[in-house]
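Chemist: Have a look at this one before I ask anything.
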Amino acid sequence: MIDIKNITYSYPGQKQPVFSDFSLQLPENRIYGLLGKNGTGKSTLLYLISGLLRPRQGSVCCNGIATYKRLAEQLSDIFLVSEEFDLPAVELDAYVALVESFYPRFSRDILKRCLEAFELPTELQLNALSMGQKKKVYMSVALAAGTRLLLMDEPTNGLDIPSKSQFRKVVAENMTADRTLIISTHQVHDVEQLLDHVLFLSERSLLMDTSMADITERFAFEVRTPQEMDDTVIYAEPSLQGNMVMARRQEGQPETLVNLELLFNAVTKGLVK
């Protein structure tokens, strides 16, 4: 359980805090989507959860232990894939030998499967890779680490279209029942098929905290012609095919795939809670 209680955090020299008296509880064993506009604190929240940042007030605890303490036994069960990172100028095997000594559940078999899914060899010189290839390697190592808490900040940035599909496959196939994954992203269509739960952040507040099951039960997402627009429509955007619509789901209506972009826009406009 991640338990965030009444935290306040601001960066040095910043007048407005990123978070002020902010609270959130995240039960274990789910895949969370952390969504919000630029500057709403998504990355900061991941850094607070991982212990890289310490709140000015309040507490951030993982399984009852404050993350700012950065205890070795806690850090060995958390892996953060940050948006910006670099890998050392060594061969992959040397990097893995260094990393796996810190993560007791590290699996070279999982690493190999992930690399194969990303169409990468196991013998690599890390500084010779493109940015997209480095991201694939880093995410493969993160999944292989076997930590119960995995944090990813904009994991699909820099990936081409086939690689984004590979990413979803790799994550889905290597998520164990005892693992919690939090994905912070602007690329909602890249991850919406993976998520169990969504969190919408606005400036220093939480707009929505709900499960994907609840969303599919309450809402329908579809394309409608102008003649099909009725009072069930909550939010709509024009498209070449017609209107992309988020509507109240009617009794007996089949479930539809969730369009998180429509939902996010509806929530930020105050049309739904």
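So you can find residues: chains in the structure tokens are A, B, ... in the order shown, residues in each start at 1, and ligands are numbered from 1 in order.
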Which residues in stretch 100-263 of chain A does DSSP call alpha helix (DSSP H)? List them as a ChimeraX atom specification.
Modeler: /A:100,108-117,131-144,161-174,188-191,212-218,260-263
Chemist: So which residues of stretch 229-260 of chain A fall under strand (DSSP E) by DSSP, listed as a ChimeraX atom specification?
Modeler: /A:233-239,242-248
Chemist: Which residue, A:Cys62, A:Met246, A:Val170, A:Leu149, has the smallest gap to A:Glu119 when you use only C-alpha atoms?
Modeler: A:Val170
Chemist: I'd like to know which of A:Leu194, A:Ser76, A:Leu206, A:Phe221 is closest to A:Ile182, using only C-alpha atoms.
Modeler: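 Among A:Leu194, A:Ser76, A:Leu206, A:Phe221, it is A:Leu194 that comes nearest to A:Ile182.
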Chemist: Counting only C-alpha atoms, which of A:Arg108, A:Lys269, A:Lys164, A:His186 gets nearest to A:Lys136?
Modeler: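 The closest residue to A:Lys136 is A:Lys164.
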Chemist: Hey, what's within 7 Å of A:Leu271 if we count only C-alpha atoms and toss same-chain stuff fewer than 3 positions away? As a list in words, please?
Modeler: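 Those residues are Ile234, Ala266 and Val267 of chain A.
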Chemist: Quick check, in Å to one decimal: how far apart do atom CA of A:Phe167 and atom CA of A:Leu48 lie?
Modeler: 25.2 Å
Chemist: Excluding stretch 207-211 of chain A and its own-chain neighbours fewer than 3 positions away, which residues fall within 7 Å of it when counting only C-alpha atoms? Please give them as a ChimeraX atom specification.
Modeler: /A:196-202,214-215,273
Chemist: Quick one: of A:Gly36, A:Gly252, A:Gly58, A:Gly51, who's nearest to A:Leu71, counting only C-alpha atoms?
Modeler: A:Gly51
Chemist: Here is a test: counting only C-alpha atoms, which residue of A:Glu173, A:Asp77, A:Glu203, A:Glu91 is nearest to A:Ala145?
Modeler: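 That would be A:Asp77, the residue with the smallest distance to A:Ala145.
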Chemist: Can you measure atom CA of A:Lys135 to atom CA of A:Glu192 for me? One decimal in Å is fine.
Modeler: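 These two atoms are separated by 19.8 Å.
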Chemist: Between A:Thr185, A:Val245, A:Val191, A:Leu45, which residue has the minimum interatomic distance to A:Arg168, considering only C-alpha atoms?
Modeler: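 Once distances to A:Arg168 are computed over only C-alpha atoms, the minimum belongs to A:Val191.
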Chemist: Need the shell around A:Tyr95: protein/DNA/RNA residues with any atom at most 12 Å away, counting only C-alpha atoms. Skip same-chain ones fewer than 2 positions apart. Format as number ranges by chain?
Modeler: A: 87-93, 97-102, 122-127, 137-138, 141
Chemist: Let's have the selection written as an mmCIF file, in the first residue's frame, with N, CA and C atoms.
Modeler:
data_model
loop_
_atom_site.group_PDB
_atom_site.id
_atom_site.type_symbol
_atom_site.label_atom_id
_atom_site.label_comp_id
_atom_site.auth_asym_id
_atom_site.auth_seq_id
_atom_site.Cartn_x
_atom_site.Cartn_y
_atom_site.Cartn_z
ATOM 1 N N LEU A 87 22.564 5.574 -19.722
ATOM 2 C CA LEU A 87 23.145 4.283 -19.364
ATOM 3 C C LEU A 87 24.659 4.372 -19.490
ATOM 4 N N PRO A 88 25.389 3.636 -18.670
ATOM 5 C CA PRO A 88 26.857 3.726 -18.701
ATOM 6 C C PRO A 88 27.427 3.141 -19.991
ATOM 7 N N ALA A 89 28.634 3.550 -20.302
ATOM 8 C CA ALA A 89 29.314 3.092 -21.525
ATOM 9 C C ALA A 89 29.967 1.736 -21.293
ATOM 10 N N VAL A 90 29.109 0.738 -21.067
ATOM 11 C CA VAL A 90 29.582 -0.624 -20.831
ATOM 12 C C VAL A 90 28.706 -1.583 -21.631
ATOM 13 N N GLU A 91 29.114 -2.839 -21.668
ATOM 14 C CA GLU A 91 28.283 -3.866 -22.293
ATOM 15 C C GLU A 91 27.113 -4.199 -21.372
ATOM 16 N N LEU A 92 26.028 -4.666 -21.975
ATOM 17 C CA LEU A 92 24.824 -4.977 -21.204
ATOM 18 C C LEU A 92 25.116 -5.969 -20.088
ATOM 19 N N ASP A 93 25.916 -6.973 -20.345
ATOM 20 C CA ASP A 93 26.176 -7.996 -19.335
ATOM 21 C C ASP A 93 26.847 -7.400 -18.104
ATOM 22 N N ALA A 97 25.190 -7.285 -14.349
ATOM 23 C CA ALA A 97 25.919 -7.825 -13.190
ATOM 24 C C ALA A 97 25.928 -6.832 -12.038
ATOM 25 N N LEU A 98 26.000 -5.547 -12.363
ATOM 26 C CA LEU A 98 25.969 -4.512 -11.336
ATOM 27 C C LEU A 98 24.568 -4.376 -10.740
ATOM 28 N N VAL A 99 23.549 -4.339 -11.601
ATOM 29 C CA VAL A 99 22.178 -4.099 -11.157
ATOM 30 C C VAL A 99 21.616 -5.272 -10.362
ATOM 31 N N GLU A 100 21.841 -6.487 -10.830
ATOM 32 C CA GLU A 100 21.189 -7.640 -10.214
ATOM 33 C C GLU A 100 21.684 -7.906 -8.792
ATOM 34 N N SER A 101 22.851 -7.364 -8.432
ATOM 35 C CA SER A 101 23.342 -7.552 -7.069
ATOM 36 C C SER A 101 22.505 -6.774 -6.055
ATOM 37 N N PHE A 102 21.758 -5.784 -6.542
ATOM 38 C CA PHE A 102 20.944 -4.969 -5.646
ATOM 39 C C PHE A 102 19.499 -5.456 -5.569
ATOM 40 N N THR A 122 20.971 -9.950 -26.835
ATOM 41 C CA THR A 122 21.396 -9.881 -25.433
ATOM 42 C C THR A 122 22.820 -9.345 -25.290
ATOM 43 N N GLU A 123 23.564 -9.316 -26.379
ATOM 44 C CA GLU A 123 24.917 -8.754 -26.352
ATOM 45 C C GLU A 123 24.870 -7.357 -26.960
ATOM 46 N N LEU A 124 25.007 -6.355 -26.087
ATOM 47 C CA LEU A 124 24.858 -4.974 -26.516
ATOM 48 C C LEU A 124 25.911 -4.088 -25.866
ATOM 49 N N GLN A 125 26.370 -3.087 -26.597
ATOM 50 C CA GLN A 125 27.187 -2.014 -26.048
ATOM 51 C C GLN A 125 26.254 -0.842 -25.814
ATOM 52 N N LEU A 126 26.000 -0.504 -24.552
ATOM 53 C CA LEU A 126 24.906 0.403 -24.218
ATOM 54 C C LEU A 126 25.078 1.800 -24.803
ATOM 55 N N ASN A 127 26.298 2.331 -24.829
ATOM 56 C CA ASN A 127 26.486 3.694 -25.338
ATOM 57 C C ASN A 127 26.415 3.769 -26.856
ATOM 58 N N VAL A 137 15.938 -1.244 -23.471
ATOM 59 C CA VAL A 137 16.836 -1.969 -22.575
ATOM 60 C C VAL A 137 16.525 -1.634 -21.127
ATOM 61 N N TYR A 138 16.353 -0.347 -20.835
ATOM 62 C CA TYR A 138 16.111 0.089 -19.461
ATOM 63 C C TYR A 138 14.789 -0.473 -18.935
ATOM 64 N N VAL A 141 15.264 -4.167 -18.171
ATOM 65 C CA VAL A 141 15.954 -4.342 -16.893
ATOM 66 C C VAL A 141 14.991 -4.078 -15.732
#
